[in-house]
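For reference, query.cif is printed below; it contains mmCIF, N, CA and C atoms.
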data_work
loop_
_atom_site.label_atom_id
_atom_site.label_comp_id
_atom_site.auth_asym_id
_atom_site.auth_seq_id
_atom_site.Cartn_x
_atom_site.Cartn_y
_atom_site.Cartn_z
N MET A 1 58.57 64.13 186.12
CA MET A 1 57.89 65.28 185.54
C MET A 1 58.87 66.45 185.52
N ASP A 2 59.06 67.04 184.36
CA ASP A 2 59.97 68.19 184.28
C ASP A 2 59.24 69.47 184.67
N ILE A 3 60.02 70.51 184.90
CA ILE A 3 59.47 71.77 185.39
C ILE A 3 58.53 72.43 184.38
N LEU A 4 58.81 72.32 183.09
CA LEU A 4 57.94 72.92 182.09
C LEU A 4 56.56 72.28 182.11
N HIS A 5 56.52 70.95 182.20
CA HIS A 5 55.23 70.25 182.27
C HIS A 5 54.47 70.66 183.53
N LEU A 6 55.17 70.80 184.63
CA LEU A 6 54.54 71.20 185.88
C LEU A 6 53.95 72.61 185.76
N ILE A 7 54.68 73.53 185.19
CA ILE A 7 54.20 74.91 185.03
C ILE A 7 53.01 74.96 184.08
N LYS A 8 53.08 74.22 182.96
CA LYS A 8 51.95 74.18 182.03
C LYS A 8 50.70 73.63 182.70
N SER A 9 50.85 72.58 183.49
CA SER A 9 49.72 71.99 184.19
C SER A 9 49.13 72.98 185.21
N ALA A 10 49.99 73.68 185.92
CA ALA A 10 49.52 74.67 186.90
C ALA A 10 48.78 75.81 186.19
N ASN A 11 49.30 76.26 185.05
CA ASN A 11 48.63 77.30 184.28
C ASN A 11 47.24 76.86 183.83
N LEU A 12 47.14 75.66 183.32
CA LEU A 12 45.86 75.14 182.86
C LEU A 12 44.87 75.02 184.02
N LEU A 13 45.33 74.50 185.13
CA LEU A 13 44.46 74.33 186.30
C LEU A 13 43.99 75.68 186.84
N LEU A 14 44.91 76.62 186.99
CA LEU A 14 44.56 77.93 187.52
C LEU A 14 43.66 78.69 186.55
N GLY A 15 43.97 78.64 185.26
CA GLY A 15 43.14 79.32 184.27
C GLY A 15 41.72 78.76 184.24
N THR A 16 41.61 77.45 184.31
CA THR A 16 40.29 76.81 184.34
C THR A 16 39.51 77.24 185.57
N GLY A 17 40.18 77.31 186.70
CA GLY A 17 39.53 77.75 187.94
C GLY A 17 39.04 79.18 187.86
N VAL A 18 39.86 80.06 187.30
CA VAL A 18 39.47 81.47 187.18
C VAL A 18 38.29 81.62 186.23
N VAL A 19 38.35 80.97 185.09
CA VAL A 19 37.26 81.09 184.12
C VAL A 19 35.97 80.49 184.67
N THR A 20 36.06 79.34 185.31
CA THR A 20 34.87 78.71 185.90
C THR A 20 34.26 79.60 186.98
N SER A 21 35.09 80.14 187.84
CA SER A 21 34.61 81.04 188.89
C SER A 21 33.97 82.29 188.31
N SER A 22 34.56 82.82 187.25
CA SER A 22 34.02 84.02 186.61
C SER A 22 32.65 83.77 186.00
N VAL A 23 32.51 82.64 185.33
CA VAL A 23 31.21 82.31 184.75
C VAL A 23 30.17 82.12 185.86
N TYR A 24 30.56 81.47 186.93
CA TYR A 24 29.65 81.29 188.07
C TYR A 24 29.21 82.64 188.63
N LEU A 25 30.16 83.57 188.82
CA LEU A 25 29.82 84.90 189.35
C LEU A 25 28.93 85.67 188.39
N TYR A 26 29.14 85.50 187.10
CA TYR A 26 28.28 86.18 186.13
C TYR A 26 26.86 85.62 186.18
N VAL A 27 26.75 84.31 186.23
CA VAL A 27 25.42 83.68 186.24
C VAL A 27 24.67 83.97 187.53
N THR A 28 25.35 83.93 188.65
CA THR A 28 24.67 84.08 189.94
C THR A 28 24.53 85.53 190.39
N GLN A 29 25.49 86.39 190.01
CA GLN A 29 25.47 87.77 190.52
C GLN A 29 25.54 88.83 189.42
N ASN A 30 25.50 88.39 188.18
CA ASN A 30 25.61 89.30 187.04
C ASN A 30 26.89 90.14 187.10
N ALA A 31 27.97 89.56 187.62
CA ALA A 31 29.25 90.25 187.74
C ALA A 31 29.97 90.20 186.39
N LYS A 32 30.13 91.37 185.78
CA LYS A 32 30.72 91.43 184.44
C LYS A 32 32.25 91.53 184.47
N ILE A 33 32.81 92.12 185.48
CA ILE A 33 34.26 92.33 185.52
C ILE A 33 35.02 91.00 185.51
N PRO A 34 34.66 90.03 186.34
CA PRO A 34 35.37 88.75 186.25
C PRO A 34 35.24 88.08 184.89
N LEU A 35 34.11 88.29 184.22
CA LEU A 35 33.91 87.72 182.89
C LEU A 35 34.85 88.37 181.87
N LEU A 36 35.04 89.68 181.97
CA LEU A 36 35.98 90.37 181.09
C LEU A 36 37.40 89.88 181.31
N ILE A 37 37.76 89.68 182.56
CA ILE A 37 39.09 89.17 182.89
C ILE A 37 39.28 87.76 182.33
N SER A 38 38.26 86.94 182.46
CA SER A 38 38.35 85.57 181.93
C SER A 38 38.47 85.57 180.42
N LEU A 39 37.74 86.44 179.75
CA LEU A 39 37.84 86.52 178.30
C LEU A 39 39.25 86.94 177.89
N ALA A 40 39.84 87.86 178.63
CA ALA A 40 41.22 88.27 178.36
C ALA A 40 42.18 87.10 178.52
N ILE A 41 41.97 86.30 179.56
CA ILE A 41 42.82 85.14 179.80
C ILE A 41 42.68 84.12 178.67
N VAL A 42 41.46 83.87 178.24
CA VAL A 42 41.22 82.89 177.17
C VAL A 42 41.85 83.35 175.86
N ILE A 43 41.75 84.64 175.57
CA ILE A 43 42.34 85.16 174.33
C ILE A 43 43.86 85.07 174.37
N ALA A 44 44.47 85.49 175.48
CA ALA A 44 45.94 85.50 175.58
C ALA A 44 46.51 84.11 175.83
N GLY A 45 45.67 83.15 176.17
CA GLY A 45 46.14 81.80 176.45
C GLY A 45 45.81 80.83 175.33
N PRO A 46 44.73 80.09 175.47
CA PRO A 46 44.44 79.03 174.50
C PRO A 46 44.18 79.51 173.08
N ILE A 47 43.54 80.67 172.91
CA ILE A 47 43.29 81.13 171.55
C ILE A 47 44.60 81.51 170.87
N GLU A 48 45.46 82.23 171.59
CA GLU A 48 46.76 82.58 171.02
C GLU A 48 47.58 81.32 170.71
N ASP A 49 47.57 80.36 171.61
CA ASP A 49 48.30 79.11 171.38
C ASP A 49 47.77 78.38 170.15
N PHE A 50 46.46 78.30 170.01
CA PHE A 50 45.85 77.63 168.86
C PHE A 50 46.26 78.29 167.55
N LEU A 51 46.13 79.62 167.49
CA LEU A 51 46.46 80.33 166.26
C LEU A 51 47.96 80.22 165.93
N THR A 52 48.79 80.33 166.94
CA THR A 52 50.23 80.22 166.72
C THR A 52 50.60 78.84 166.22
N ASN A 53 50.05 77.81 166.83
CA ASN A 53 50.32 76.43 166.38
C ASN A 53 49.82 76.21 164.96
N TYR A 54 48.68 76.78 164.64
CA TYR A 54 48.13 76.64 163.29
C TYR A 54 49.09 77.23 162.26
N VAL A 55 49.61 78.42 162.55
CA VAL A 55 50.55 79.07 161.63
C VAL A 55 51.85 78.28 161.56
N GLU A 56 52.39 77.89 162.69
CA GLU A 56 53.68 77.20 162.72
C GLU A 56 53.63 75.84 162.02
N GLU A 57 52.47 75.19 162.02
CA GLU A 57 52.35 73.88 161.40
C GLU A 57 51.90 73.94 159.94
N SER A 58 51.69 75.14 159.43
CA SER A 58 51.24 75.29 158.06
C SER A 58 52.39 75.00 157.09
N PRO A 59 52.22 73.98 156.24
CA PRO A 59 53.30 73.64 155.30
C PRO A 59 53.44 74.64 154.15
N SER A 60 52.43 75.46 153.93
CA SER A 60 52.47 76.37 152.79
C SER A 60 53.13 77.71 153.09
N LEU A 61 53.53 77.93 154.34
CA LEU A 61 54.15 79.21 154.70
C LEU A 61 55.66 79.05 154.84
N SER A 62 56.36 80.06 154.40
CA SER A 62 57.82 80.08 154.57
C SER A 62 58.16 80.41 156.02
N PRO A 63 59.37 80.12 156.46
CA PRO A 63 59.76 80.49 157.83
C PRO A 63 59.60 81.98 158.11
N ASN A 64 59.89 82.83 157.11
CA ASN A 64 59.71 84.28 157.31
C ASN A 64 58.24 84.64 157.47
N ASP A 65 57.38 84.01 156.68
CA ASP A 65 55.94 84.26 156.81
C ASP A 65 55.43 83.77 158.16
N LYS A 66 55.88 82.61 158.59
CA LYS A 66 55.47 82.08 159.89
C LYS A 66 55.84 83.05 161.00
N LYS A 67 57.06 83.57 160.95
CA LYS A 67 57.51 84.54 161.96
C LYS A 67 56.64 85.79 161.90
N HIS A 68 56.36 86.27 160.70
CA HIS A 68 55.54 87.47 160.53
C HIS A 68 54.14 87.27 161.11
N TYR A 69 53.51 86.14 160.76
CA TYR A 69 52.15 85.90 161.23
C TYR A 69 52.08 85.61 162.73
N THR A 70 53.08 84.92 163.27
CA THR A 70 53.07 84.68 164.72
C THR A 70 53.29 85.98 165.47
N ASP A 71 54.08 86.91 164.92
CA ASP A 71 54.23 88.23 165.54
C ASP A 71 52.91 89.00 165.52
N ILE A 72 52.18 88.91 164.40
CA ILE A 72 50.87 89.56 164.32
C ILE A 72 49.91 88.97 165.35
N ILE A 73 49.90 87.64 165.47
CA ILE A 73 49.04 86.98 166.45
C ILE A 73 49.41 87.43 167.86
N ASP A 74 50.70 87.45 168.16
CA ASP A 74 51.16 87.86 169.49
C ASP A 74 50.72 89.28 169.83
N GLN A 75 50.94 90.20 168.91
CA GLN A 75 50.58 91.59 169.17
C GLN A 75 49.06 91.79 169.21
N SER A 76 48.32 91.09 168.37
CA SER A 76 46.86 91.22 168.35
C SER A 76 46.23 90.68 169.62
N THR A 77 46.70 89.53 170.08
CA THR A 77 46.13 88.97 171.30
C THR A 77 46.54 89.80 172.52
N SER A 78 47.74 90.38 172.49
CA SER A 78 48.15 91.27 173.58
C SER A 78 47.27 92.51 173.61
N LEU A 79 46.96 93.05 172.44
CA LEU A 79 46.09 94.22 172.35
C LEU A 79 44.69 93.90 172.89
N ALA A 80 44.15 92.75 172.50
CA ALA A 80 42.83 92.35 172.99
C ALA A 80 42.86 92.14 174.51
N PHE A 81 43.93 91.50 175.00
CA PHE A 81 44.09 91.27 176.44
C PHE A 81 44.06 92.60 177.20
N LEU A 82 44.87 93.55 176.76
CA LEU A 82 44.94 94.84 177.44
C LEU A 82 43.63 95.63 177.31
N ALA A 83 42.98 95.56 176.16
CA ALA A 83 41.70 96.26 175.98
C ALA A 83 40.64 95.71 176.93
N LEU A 84 40.60 94.38 177.08
CA LEU A 84 39.62 93.79 177.99
C LEU A 84 39.93 94.11 179.44
N LEU A 85 41.20 94.11 179.82
CA LEU A 85 41.55 94.48 181.19
C LEU A 85 41.25 95.96 181.43
N GLY A 86 41.51 96.80 180.43
CA GLY A 86 41.17 98.21 180.55
C GLY A 86 39.67 98.42 180.73
N LEU A 87 38.89 97.67 179.97
CA LEU A 87 37.44 97.74 180.11
C LEU A 87 37.00 97.28 181.50
N ALA A 88 37.65 96.25 182.01
CA ALA A 88 37.33 95.78 183.36
C ALA A 88 37.64 96.87 184.39
N VAL A 89 38.74 97.57 184.22
CA VAL A 89 39.09 98.66 185.13
C VAL A 89 38.05 99.78 185.04
N LEU A 90 37.65 100.13 183.82
CA LEU A 90 36.65 101.18 183.65
C LEU A 90 35.31 100.79 184.26
N CYS A 91 34.99 99.50 184.22
CA CYS A 91 33.71 99.03 184.77
C CYS A 91 33.69 99.03 186.30
N THR A 92 34.85 99.14 186.93
CA THR A 92 34.86 99.13 188.40
C THR A 92 34.23 100.40 188.97
N GLY A 93 34.12 101.43 188.16
CA GLY A 93 33.51 102.68 188.64
C GLY A 93 31.99 102.67 188.60
N GLU A 94 31.40 101.62 188.09
CA GLU A 94 29.93 101.55 187.98
C GLU A 94 29.29 101.34 189.33
#
Let me see the file written as structure tokens.
Amino acid sequence: MDILHLIKSANLLLGTGVVTSSVYLYVTQNAKIPLLISLAIVIAGPIEDFLTNYVEESPSLSPNDKKHYTDIIDQSTSLAFLALLGLAVLCTGE
């Protein structure tokens, strides 16, 4: 097993654990902050990966267009990630 595969597996396992725990805390204790953090993780992780792969595998886009759209995806998901974390910080004062 190479190091990249090991790191990817650890990321998937840890992310799944965080999201599962967050949903559990929301259902049992109505805790919204962990849910916001999990949503940020899902957007910056699997959703960004899915969209990037979709663009990169599109046969109808030129290499320049692929680069342009993957940059848009990267910046958009980063913005959503930071907005959700900011909202989680603001919610801590409740």
Identify which of the residues A:Val19, A:Thr70, A:Ala44, A:Thr92 lies closest to Glu57 of chain A, counting only C-alpha atoms when measuring atom-to-atom distances. A:Thr70
Atom-to-atom span, atom CA of Ser22 of chain A and atom CA of Leu35 of chain A, Å: 5.2 Å
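Taking atom CA of Phe81 of chain A and atom N of Tyr24 of chain A as the two end points, the separation is 19.7 Å.
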Taking the chain letters and numbering used in this document, name the residues of segment 35-94 of chain A that DSSP puts in alpha helix (DSSP H), as an MDAnalysis selection string. chainID A and resid 35:42 48:56 63:91
Give me, please, the distance in Å between atom N of Asn30 of chain A and atom C of Val89 of chain A, quoted to one decimal.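 Separation of atom N of Asn30 of chain A and atom C of Val89 of chain A: 17.2 Å.
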Name the residues within 5 Å of (53.2, 79.8, 162.4), counting all atoms listed in the file in the file's coordinates, and put them as a PDB file with N, CA and C atoms, keeping the file's coordinate frame.
ATOM      1  N   THR A  52      48.790  80.330 166.940  1.00  0.00           N
ATOM      2  CA  THR A  52      50.230  80.220 166.720  1.00  0.00           C
ATOM      3  C   THR A  52      50.600  78.840 166.220  1.00  0.00           C
ATOM      4  N   TYR A  54      48.680  76.780 164.640  1.00  0.00           N
ATOM      5  CA  TYR A  54      48.130  76.640 163.290  1.00  0.00           C
ATOM      6  C   TYR A  54      49.090  77.230 162.260  1.00  0.00           C
ATOM      7  N   VAL A  55      49.610  78.420 162.550  1.00  0.00           N
ATOM      8  CA  VAL A  55      50.550  79.070 161.630  1.00  0.00           C
ATOM      9  C   VAL A  55      51.850  78.280 161.560  1.00  0.00           C
ATOM     10  N   GLU A  56      52.390  77.890 162.690  1.00  0.00           N
ATOM     11  CA  GLU A  56      53.680  77.200 162.720  1.00  0.00           C
ATOM     12  C   GLU A  56      53.630  75.840 162.020  1.00  0.00           C
ATOM     13  N   GLU A  57      52.470  75.190 162.020  1.00  0.00           N
ATOM     14  CA  GLU A  57      52.350  73.880 161.400  1.00  0.00           C
ATOM     15  C   GLU A  57      51.900  73.940 159.940  1.00  0.00           C
ATOM     16  N   LYS A  66      55.880  82.610 158.590  1.00  0.00           N
ATOM     17  CA  LYS A  66      55.470  82.080 159.890  1.00  0.00           C
ATOM     18  C   LYS A  66      55.840  83.050 161.000  1.00  0.00           C
TER      19      LYS A  66
END
Selection result of the PyMOL selection byres (((chain A and resi 91 and name CA) around 12) and name CA) on this file, as a list of chain:residue names: A:Ala31, A:Lys32, A:Ile33, A:Pro34, A:Leu35, A:Leu36, A:Ile37, A:Leu84, A:Leu85, A:Gly86, A:Leu87, A:Ala88, A:Val89, A:Leu90, A:Thr92, A:Gly93, A:Glu94
Just write the chosen residues, N, CA and C atoms, as a PDB file, in the coordinates of the input.
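Here's the written file out12.pdb:
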ATOM      1  N   ALA A  31      27.970  89.560 187.620  1.00  0.00           N
ATOM      2  CA  ALA A  31      29.250  90.250 187.740  1.00  0.00           C
ATOM      3  C   ALA A  31      29.970  90.200 186.390  1.00  0.00           C
ATOM      4  N   LYS A  32      30.130  91.370 185.780  1.00  0.00           N
ATOM      5  CA  LYS A  32      30.720  91.430 184.440  1.00  0.00           C
ATOM      6  C   LYS A  32      32.250  91.530 184.470  1.00  0.00           C
ATOM      7  N   ILE A  33      32.810  92.120 185.480  1.00  0.00           N
ATOM      8  CA  ILE A  33      34.260  92.330 185.520  1.00  0.00           C
ATOM      9  C   ILE A  33      35.020  91.000 185.510  1.00  0.00           C
ATOM     10  N   PRO A  34      34.660  90.030 186.340  1.00  0.00           N
ATOM     11  CA  PRO A  34      35.370  88.750 186.250  1.00  0.00           C
ATOM     12  C   PRO A  34      35.240  88.080 184.890  1.00  0.00           C
ATOM     13  N   LEU A  35      34.110  88.290 184.220  1.00  0.00           N
ATOM     14  CA  LEU A  35      33.910  87.720 182.890  1.00  0.00           C
ATOM     15  C   LEU A  35      34.850  88.370 181.870  1.00  0.00           C
ATOM     16  N   LEU A  36      35.040  89.680 181.970  1.00  0.00           N
ATOM     17  CA  LEU A  36      35.980  90.370 181.090  1.00  0.00           C
ATOM     18  C   LEU A  36      37.400  89.880 181.310  1.00  0.00           C
ATOM     19  N   ILE A  37      37.760  89.680 182.560  1.00  0.00           N
ATOM     20  CA  ILE A  37      39.090  89.170 182.890  1.00  0.00           C
ATOM     21  C   ILE A  37      39.280  87.760 182.330  1.00  0.00           C
ATOM     22  N   LEU A  84      40.600  94.380 177.080  1.00  0.00           N
ATOM     23  CA  LEU A  84      39.620  93.790 177.990  1.00  0.00           C
ATOM     24  C   LEU A  84      39.930  94.110 179.440  1.00  0.00           C
ATOM     25  N   LEU A  85      41.200  94.110 179.820  1.00  0.00           N
ATOM     26  CA  LEU A  85      41.550  94.480 181.190  1.00  0.00           C
ATOM     27  C   LEU A  85      41.250  95.960 181.430  1.00  0.00           C
ATOM     28  N   GLY A  86      41.510  96.800 180.430  1.00  0.00           N
ATOM     29  CA  GLY A  86      41.170  98.210 180.550  1.00  0.00           C
ATOM     30  C   GLY A  86      39.670  98.420 180.730  1.00  0.00           C
ATOM     31  N   LEU A  87      38.890  97.670 179.970  1.00  0.00           N
ATOM     32  CA  LEU A  87      37.440  97.740 180.110  1.00  0.00           C
ATOM     33  C   LEU A  87      37.000  97.280 181.500  1.00  0.00           C
ATOM     34  N   ALA A  88      37.650  96.250 182.010  1.00  0.00           N
ATOM     35  CA  ALA A  88      37.330  95.780 183.360  1.00  0.00           C
ATOM     36  C   ALA A  88      37.640  96.870 184.390  1.00  0.00           C
ATOM     37  N   VAL A  89      38.740  97.570 184.220  1.00  0.00           N
ATOM     38  CA  VAL A  89      39.090  98.660 185.130  1.00  0.00           C
ATOM     39  C   VAL A  89      38.050  99.780 185.040  1.00  0.00           C
ATOM     40  N   LEU A  90      37.650 100.130 183.820  1.00  0.00           N
ATOM     41  CA  LEU A  90      36.650 101.180 183.650  1.00  0.00           C
ATOM     42  C   LEU A  90      35.310 100.790 184.260  1.00  0.00           C
ATOM     43  N   THR A  92      34.850  99.140 186.930  1.00  0.00           N
ATOM     44  CA  THR A  92      34.860  99.130 188.400  1.00  0.00           C
ATOM     45  C   THR A  92      34.230 100.400 188.970  1.00  0.00           C
ATOM     46  N   GLY A  93      34.120 101.430 188.160  1.00  0.00           N
ATOM     47  CA  GLY A  93      33.510 102.680 188.640  1.00  0.00           C
ATOM     48  C   GLY A  93      31.990 102.670 188.600  1.00  0.00           C
ATOM     49  N   GLU A  94      31.400 101.620 188.090  1.00  0.00           N
ATOM     50  CA  GLU A  94      29.930 101.550 187.980  1.00  0.00           C
ATOM     51  C   GLU A  94      29.290 101.340 189.330  1.00  0.00           C
TER      52      GLU A  94
END
I'd like the residues picked by the PyMOL selection byres (((chain A and resi 48 and name CA) around 12) and name CA) written out as an MDAnalysis selection string, using the chain letters and numbers from the file. chainID A and resid 40:47 49:55 69:81
Please produce an output containing N, CA and C atoms for each residue in the selection, written as a PDB file, in the coordinates of the input.
ATOM      1  N   ALA A  40      39.840  87.860 178.630  1.00  0.00           N
ATOM      2  CA  ALA A  40      41.220  88.270 178.360  1.00  0.00           C
ATOM      3  C   ALA A  40      42.180  87.100 178.520  1.00  0.00           C
ATOM      4  N   ILE A  41      41.970  86.300 179.560  1.00  0.00           N
ATOM      5  CA  ILE A  41      42.820  85.140 179.800  1.00  0.00           C
ATOM      6  C   ILE A  41      42.680  84.120 178.670  1.00  0.00           C
ATOM      7  N   VAL A  42      41.460  83.870 178.240  1.00  0.00           N
ATOM      8  CA  VAL A  42      41.220  82.890 177.170  1.00  0.00           C
ATOM      9  C   VAL A  42      41.850  83.350 175.860  1.00  0.00           C
ATOM     10  N   ILE A  43      41.750  84.640 175.570  1.00  0.00           N
ATOM     11  CA  ILE A  43      42.340  85.160 174.330  1.00  0.00           C
ATOM     12  C   ILE A  43      43.860  85.070 174.370  1.00  0.00           C
ATOM     13  N   ALA A  44      44.470  85.490 175.480  1.00  0.00           N
ATOM     14  CA  ALA A  44      45.940  85.500 175.580  1.00  0.00           C
ATOM     15  C   ALA A  44      46.510  84.110 175.830  1.00  0.00           C
ATOM     16  N   GLY A  45      45.670  83.150 176.170  1.00  0.00           N
ATOM     17  CA  GLY A  45      46.140  81.800 176.450  1.00  0.00           C
ATOM     18  C   GLY A  45      45.810  80.830 175.330  1.00  0.00           C
ATOM     19  N   PRO A  46      44.730  80.090 175.470  1.00  0.00           N
ATOM     20  CA  PRO A  46      44.440  79.030 174.500  1.00  0.00           C
ATOM     21  C   PRO A  46      44.180  79.510 173.080  1.00  0.00           C
ATOM     22  N   ILE A  47      43.540  80.670 172.910  1.00  0.00           N
ATOM     23  CA  ILE A  47      43.290  81.130 171.550  1.00  0.00           C
ATOM     24  C   ILE A  47      44.600  81.510 170.870  1.00  0.00           C
ATOM     25  N   ASP A  49      47.570  80.360 171.610  1.00  0.00           N
ATOM     26  CA  ASP A  49      48.300  79.110 171.380  1.00  0.00           C
ATOM     27  C   ASP A  49      47.770  78.380 170.150  1.00  0.00           C
ATOM     28  N   PHE A  50      46.460  78.300 170.010  1.00  0.00           N
ATOM     29  CA  PHE A  50      45.850  77.630 168.860  1.00  0.00           C
ATOM     30  C   PHE A  50      46.260  78.290 167.550  1.00  0.00           C
ATOM     31  N   LEU A  51      46.130  79.620 167.490  1.00  0.00           N
ATOM     32  CA  LEU A  51      46.460  80.330 166.260  1.00  0.00           C
ATOM     33  C   LEU A  51      47.960  80.220 165.930  1.00  0.00           C
ATOM     34  N   THR A  52      48.790  80.330 166.940  1.00  0.00           N
ATOM     35  CA  THR A  52      50.230  80.220 166.720  1.00  0.00           C
ATOM     36  C   THR A  52      50.600  78.840 166.220  1.00  0.00           C
ATOM     37  N   ASN A  53      50.050  77.810 166.830  1.00  0.00           N
ATOM     38  CA  ASN A  53      50.320  76.430 166.380  1.00  0.00           C
ATOM     39  C   ASN A  53      49.820  76.210 164.960  1.00  0.00           C
ATOM     40  N   TYR A  54      48.680  76.780 164.640  1.00  0.00           N
ATOM     41  CA  TYR A  54      48.130  76.640 163.290  1.00  0.00           C
ATOM     42  C   TYR A  54      49.090  77.230 162.260  1.00  0.00           C
ATOM     43  N   VAL A  55      49.610  78.420 162.550  1.00  0.00           N
ATOM     44  CA  VAL A  55      50.550  79.070 161.630  1.00  0.00           C
ATOM     45  C   VAL A  55      51.850  78.280 161.560  1.00  0.00           C
ATOM     46  N   TYR A  69      53.510  86.140 160.760  1.00  0.00           N
ATOM     47  CA  TYR A  69      52.150  85.900 161.230  1.00  0.00           C
ATOM     48  C   TYR A  69      52.080  85.610 162.730  1.00  0.00           C
ATOM     49  N   THR A  70      53.080  84.920 163.270  1.00  0.00           N
ATOM     50  CA  THR A  70      53.070  84.680 164.720  1.00  0.00           C
ATOM     51  C   THR A  70      53.290  85.980 165.470  1.00  0.00           C
ATOM     52  N   ASP A  71      54.080  86.910 164.920  1.00  0.00           N
ATOM     53  CA  ASP A  71      54.230  88.230 165.540  1.00  0.00           C
ATOM     54  C   ASP A  71      52.910  89.000 165.520  1.00  0.00           C
ATOM     55  N   ILE A  72      52.180  88.910 164.400  1.00  0.00           N
ATOM     56  CA  ILE A  72      50.870  89.560 164.320  1.00  0.00           C
ATOM     57  C   ILE A  72      49.910  88.970 165.350  1.00  0.00           C
ATOM     58  N   ILE A  73      49.900  87.640 165.470  1.00  0.00           N
ATOM     59  CA  ILE A  73      49.040  86.980 166.450  1.00  0.00           C
ATOM     60  C   ILE A  73      49.410  87.430 167.860  1.00  0.00           C
ATOM     61  N   ASP A  74      50.700  87.450 168.160  1.00  0.00           N
ATOM     62  CA  ASP A  74      51.160  87.860 169.490  1.00  0.00           C
ATOM     63  C   ASP A  74      50.720  89.280 169.830  1.00  0.00           C
ATOM     64  N   GLN A  75      50.940  90.200 168.910  1.00  0.00           N
ATOM     65  CA  GLN A  75      50.580  91.590 169.170  1.00  0.00           C
ATOM     66  C   GLN A  75      49.060  91.790 169.210  1.00  0.00           C
ATOM     67  N   SER A  76      48.320  91.090 168.370  1.00  0.00           N
ATOM     68  CA  SER A  76      46.860  91.220 168.350  1.00  0.00           C
ATOM     69  C   SER A  76      46.230  90.680 169.620  1.00  0.00           C
ATOM     70  N   THR A  77      46.700  89.530 170.080  1.00  0.00           N
ATOM     71  CA  THR A  77      46.130  88.970 171.300  1.00  0.00           C
ATOM     72  C   THR A  77      46.540  89.800 172.520  1.00  0.00           C
ATOM     73  N   SER A  78      47.740  90.380 172.490  1.00  0.00           N
ATOM     74  CA  SER A  78      48.150  91.270 173.580  1.00  0.00           C
ATOM     75  C   SER A  78      47.270  92.510 173.610  1.00  0.00           C
ATOM     76  N   LEU A  79      46.960  93.050 172.440  1.00  0.00           N
ATOM     77  CA  LEU A  79      46.090  94.220 172.350  1.00  0.00           C
ATOM     78  C   LEU A  79      44.690  93.900 172.890  1.00  0.00           C
ATOM     79  N   ALA A  80      44.150  92.750 172.500  1.00  0.00           N
ATOM     80  CA  ALA A  80      42.830  92.350 172.990  1.00  0.00           C
ATOM     81  C   ALA A  80      42.860  92.140 174.510  1.00  0.00           C
ATOM     82  N   PHE A  81      43.930  91.500 175.000  1.00  0.00           N
ATOM     83  CA  PHE A  81      44.090  91.270 176.440  1.00  0.00           C
ATOM     84  C   PHE A  81      44.060  92.600 177.200  1.00  0.00           C
TER      85      PHE A  81
END
